[in-house]
Amino acid sequence: MEKAATTKNFKSEEYFINMGPQHPATHGVLRLLLTIDGEIIKNVAPDLGYIHRSIEKMCERDSYQQIVHLTDRMDYLSSHINNEAVCLAVENALQLEVPERVRVVRTIIGELTRIASHCLWWGVMGMDLGAFTSYFYGFRDREMINDIFEETCGARLTMNYNIPGGLMYDIHPNFVKRVKDFVAHFKTKIPEYDQLLTGNVIFQKRTKGVGVLSKEAAISFGASGPVARASGYSCDVRKHHPYSALSKVDFKEALLTAGDTFARYQVRIQELWESLSIIEQLIDHIPEGDYKVATNAVIKLPKGEYYQKVETARGELGVYIISKGTKNPYRMKFRSPGFSNLSLLNHIAVGGKIGDLVATMATLDLVIPDIDR
Amino acid sequence: MSNEALQTLINQWIPELEFTEEGVPFLTVTVPAASLHPLMHRLRNDQETCFDYLFCLTGVDWGDTLGVVYHLESTQHRHILVVKVATEDRDNPVFHTVSDIWKTACFHEREAFDFLGITFDKHPNLKRLFLTEDWKGFPLRKDYEDNINMIVK
């Protein structure tokens, strides 16, 4: 005779499961070793290095002009901002004053890059949680920005538009008009994003109260970007250490306090509006003038150390150069936002469910080449 | 807190430290390895300094010495300090971990261990981070050679 169905004699035990290196929700070749008990996560141990290219070692071999082109292979969704970081570091070291036109164009394209990155993140975030439509919405709008980039920079992803001393070439005659068209278009689309995901009950239930990060933990783990700002930690480099034309524009730092997955989502949506506002303030005021100043064919930085912070779509990118006065850096370090943001994953995922881990990871917005460098 | 005030305060805690402001972006202090952890602990917890944000940790091969550069910022006071530590022992370079003070150091120290072979005492999980466990040598050291990838001294 069969026994009555009961869970009384069931045992619970922990076991390993591999998430990645090929997994749609890890957005690249990231391998997570999960220790789980049923659905509950007990430990998350990232295994890195699948696409490590040793960019820091290559920098010690390359000239400063060449290094710029390596950096857009780190966080490829913030390629323009990465390039800008190295250019600013080199220009500051050489005490080179770039024309006002360069500063403004750099800032506009930087903010367009941020919007494109957030569009991709938004589409993929929906897809991670099972909503496929958002993916097409996000990519549709990002496509318009890519077309603008293609026309002006000649590339859609790894743009290489910045060079030490300015820009590779002047903006395309259509640039201003197309950016304005995009801003007008995108203003009607963000409410659609809200309609589709932000206000969705299922979406909110999957994200609210999930993966909570306190402000203290955010600072201790070195979090930056939207991840840290959702926990109430004011860390926007554009506000605290403004660069290029950012000191001239008026914008609000998106800051929330809940620290959960939904708050991280909301911060990025707010940032879309703020980036649009920055572009609008600048697009009609691109000063006339040169698009670059001449530098020596061989750039040698004076002996010393240089540090430049910028705000990429993912957070604070730091470029640390130690120069011995030669044409190559003696040591070059990239403090990438994704690396620090990944380190807190274990902290916020433990105790949650596997499905929640996917939602949490989606709002960390990891780009693996940024971590692996 | 201004750079001068920071310098005076730290000198009161540990006298005769070497400070520099020339050729570097932020006030930089060099500490002996033995004073590293007590100083870091105090910099983090003292109300006046309150360096709660370790934004960059870099392992450097200086040629004669191996060392670590810590970039610290206070989210309250918004001042920045760079702390440098170095050792001449290239075969067994050891520093005390700061991962008990800033959690972000846990990953960054593993990176420095992976690429420069710097050991961090009392680190909770000091293993290679990017390279495989059986990798020979430390690629970011200046004397590293790898003929296959054409890296020569």
# chains A, B, ... in the order shown; residues from 1 in each chain; ligands from 1
$ select_by_dssp --residues "segment 50-239 of chain A" --states "helix (DSSP H, G or I)" --output "ChimeraX atom specification"
/A:55-59,64-71,76-94,100-128,133-153,175-198,201-207,215-220,226-229,237-239
$ write_last_selection --atoms "C-alpha atoms" --output "compact mmCIF listing (two decimals), in the first residue's frame"
# COMPACT_ATOMS: atom_id res chain seq x y z
CA ILE A 55 44.67 45.21 -22.32
CA GLU A 56 46.73 46.67 -19.46
CA LYS A 57 49.81 44.75 -20.62
CA MET A 58 49.20 45.72 -24.25
CA CYS A 59 49.07 49.37 -23.16
CA TYR A 64 48.97 56.70 -26.42
CA GLN A 65 47.15 57.08 -29.73
CA GLN A 66 46.94 53.30 -30.05
CA ILE A 67 45.75 52.84 -26.48
CA VAL A 68 42.63 54.88 -27.19
CA HIS A 69 41.55 52.25 -29.69
CA LEU A 70 41.99 49.43 -27.21
CA THR A 71 39.65 50.99 -24.70
CA TYR A 76 31.85 48.24 -25.86
CA LEU A 77 28.48 49.85 -25.08
CA SER A 78 30.27 52.92 -23.69
CA SER A 79 33.03 52.92 -26.29
CA HIS A 80 32.97 56.65 -26.89
CA ILE A 81 33.16 57.44 -23.17
CA ASN A 82 36.05 55.01 -22.67
CA ASN A 83 37.96 56.70 -25.50
CA GLU A 84 37.21 60.06 -23.95
CA ALA A 85 38.63 58.95 -20.61
CA VAL A 86 42.04 58.13 -22.09
CA CYS A 87 42.05 61.27 -24.25
CA LEU A 88 41.24 63.46 -21.23
CA ALA A 89 43.99 61.81 -19.20
CA VAL A 90 46.54 62.39 -21.97
CA GLU A 91 45.35 65.96 -22.62
CA ASN A 92 45.52 66.82 -18.92
CA ALA A 93 49.01 65.38 -18.71
CA LEU A 94 50.16 67.42 -21.70
CA GLU A 100 35.23 74.28 -27.03
CA ARG A 101 33.66 72.59 -30.05
CA VAL A 102 35.40 69.34 -29.14
CA ARG A 103 34.14 69.46 -25.54
CA VAL A 104 30.54 69.98 -26.59
CA VAL A 105 30.56 67.33 -29.32
CA ARG A 106 32.20 64.85 -26.97
CA THR A 107 29.53 65.44 -24.35
CA ILE A 108 26.66 65.11 -26.84
CA ILE A 109 28.02 61.87 -28.26
CA GLY A 110 28.78 60.63 -24.75
CA GLU A 111 25.16 61.13 -23.73
CA LEU A 112 23.92 59.52 -26.95
CA THR A 113 26.16 56.57 -26.08
CA ARG A 114 24.57 56.40 -22.64
CA ILE A 115 21.08 56.40 -24.14
CA ALA A 116 22.04 53.69 -26.65
CA SER A 117 23.52 51.59 -23.85
CA HIS A 118 20.46 52.03 -21.63
CA CYS A 119 18.16 51.18 -24.58
CA LEU A 120 19.99 47.91 -25.06
CA TRP A 121 19.96 47.24 -21.32
CA TRP A 122 16.23 47.95 -21.15
CA GLY A 123 15.41 45.63 -24.02
CA VAL A 124 17.54 42.85 -22.64
CA MET A 125 16.24 43.33 -19.11
CA GLY A 126 12.70 42.70 -20.34
CA MET A 127 13.86 39.68 -22.29
CA ASP A 128 15.64 38.23 -19.26
CA THR A 133 8.66 42.81 -27.07
CA SER A 134 10.89 45.14 -25.06
CA TYR A 135 13.92 43.73 -26.87
CA PHE A 136 12.62 45.01 -30.20
CA TYR A 137 11.56 48.37 -28.78
CA GLY A 138 14.99 48.92 -27.26
CA PHE A 139 16.88 47.91 -30.37
CA ARG A 140 14.61 49.97 -32.62
CA ASP A 141 15.53 53.19 -30.79
CA ARG A 142 19.17 52.28 -30.37
CA GLU A 143 19.37 51.76 -34.12
CA MET A 144 18.67 55.44 -34.73
CA ILE A 145 21.63 56.40 -32.54
CA ASN A 146 23.84 53.86 -34.25
CA ASP A 147 22.92 55.39 -37.60
CA ILE A 148 23.94 58.84 -36.34
CA PHE A 149 27.24 57.40 -35.12
CA GLU A 150 27.82 55.61 -38.39
CA GLU A 151 27.37 58.81 -40.35
CA THR A 152 29.68 60.89 -38.17
CA CYS A 153 32.23 58.39 -36.86
CA PHE A 175 24.49 65.47 -37.30
CA VAL A 176 22.56 68.29 -35.60
CA LYS A 177 19.34 67.62 -37.49
CA ARG A 178 19.43 63.88 -36.94
CA VAL A 179 20.14 64.25 -33.23
CA LYS A 180 17.21 66.66 -32.88
CA ASP A 181 14.98 64.22 -34.76
CA PHE A 182 16.08 61.46 -32.44
CA VAL A 183 15.42 63.51 -29.30
CA ALA A 184 11.90 64.34 -30.53
CA HIS A 185 11.31 60.70 -31.42
CA PHE A 186 12.68 59.26 -28.21
CA LYS A 187 10.63 61.58 -26.00
CA THR A 188 7.53 59.84 -27.27
CA LYS A 189 9.09 56.42 -26.74
CA ILE A 190 10.15 56.52 -23.08
CA PRO A 191 6.47 56.68 -22.00
CA GLU A 192 6.00 53.54 -24.10
CA TYR A 193 8.78 51.90 -22.14
CA ASP A 194 7.00 52.82 -18.93
CA GLN A 195 3.73 51.49 -20.27
CA LEU A 196 5.23 48.20 -21.33
CA LEU A 197 7.46 47.37 -18.36
CA THR A 198 7.62 49.93 -15.57
CA VAL A 201 2.34 44.29 -12.33
CA ILE A 202 4.23 41.07 -13.11
CA PHE A 203 7.39 43.04 -13.75
CA GLN A 204 7.06 44.97 -10.50
CA LYS A 205 6.45 41.81 -8.49
CA ARG A 206 9.57 40.24 -9.98
CA THR A 207 11.75 43.24 -9.19
CA LYS A 215 24.04 52.37 0.82
CA GLU A 216 26.86 51.29 3.16
CA ALA A 217 27.39 48.05 1.23
CA ALA A 218 27.32 49.93 -2.07
CA ILE A 219 30.16 52.19 -0.94
CA SER A 220 32.16 49.38 0.65
CA PRO A 226 23.07 53.44 -11.54
CA VAL A 227 23.70 50.46 -9.22
CA ALA A 228 25.04 52.73 -6.47
CA ARG A 229 22.65 55.61 -7.15
CA VAL A 237 31.22 61.59 -11.75
CA ARG A 238 29.50 64.04 -14.10
CA LYS A 239 28.33 65.95 -11.00
$ interface_residues --of "chain B" --to "chain A" --cutoff "10 Å" --atoms "only C-alpha atoms" --output "PyMOL selection string"
chain B and resi 22-26+52-62+71+74-75+78+99-108+115+128-132+139-142+151
$ residues_around --residues "Asp75 of chain A" --least-positions-apart "6" --cutoff "7 Å" --atoms "only C-alpha atoms" --output "list of chain:residue names"
A:Val367, A:Pro369, A:Asp370
$ write_last_selection --atoms "N, CA and C atoms" --output "mmCIF file, in the first residue's frame"
data_model
loop_
_atom_site.group_PDB
_atom_site.id
_atom_site.type_symbol
_atom_site.label_atom_id
_atom_site.label_comp_id
_atom_site.auth_asym_id
_atom_site.auth_seq_id
_atom_site.Cartn_x
_atom_site.Cartn_y
_atom_site.Cartn_z
ATOM 1 N N VAL A 367 28.801 44.173 -18.500
ATOM 2 C CA VAL A 367 29.362 43.923 -19.822
ATOM 3 C C VAL A 367 30.674 43.186 -19.573
ATOM 4 N N PRO A 369 33.418 42.089 -21.257
ATOM 5 C CA PRO A 369 34.752 42.594 -21.623
ATOM 6 C C PRO A 369 35.227 43.735 -20.733
ATOM 7 N N ASP A 370 34.295 44.439 -20.112
ATOM 8 C CA ASP A 370 34.632 45.510 -19.179
ATOM 9 C C ASP A 370 35.235 44.915 -17.907
#
$ select_by_dssp --residues "segment 284-335 of chain A" --states "strand (DSSP E)" --output "ChimeraX atom specification"
/A:304-311,316-323,331-335
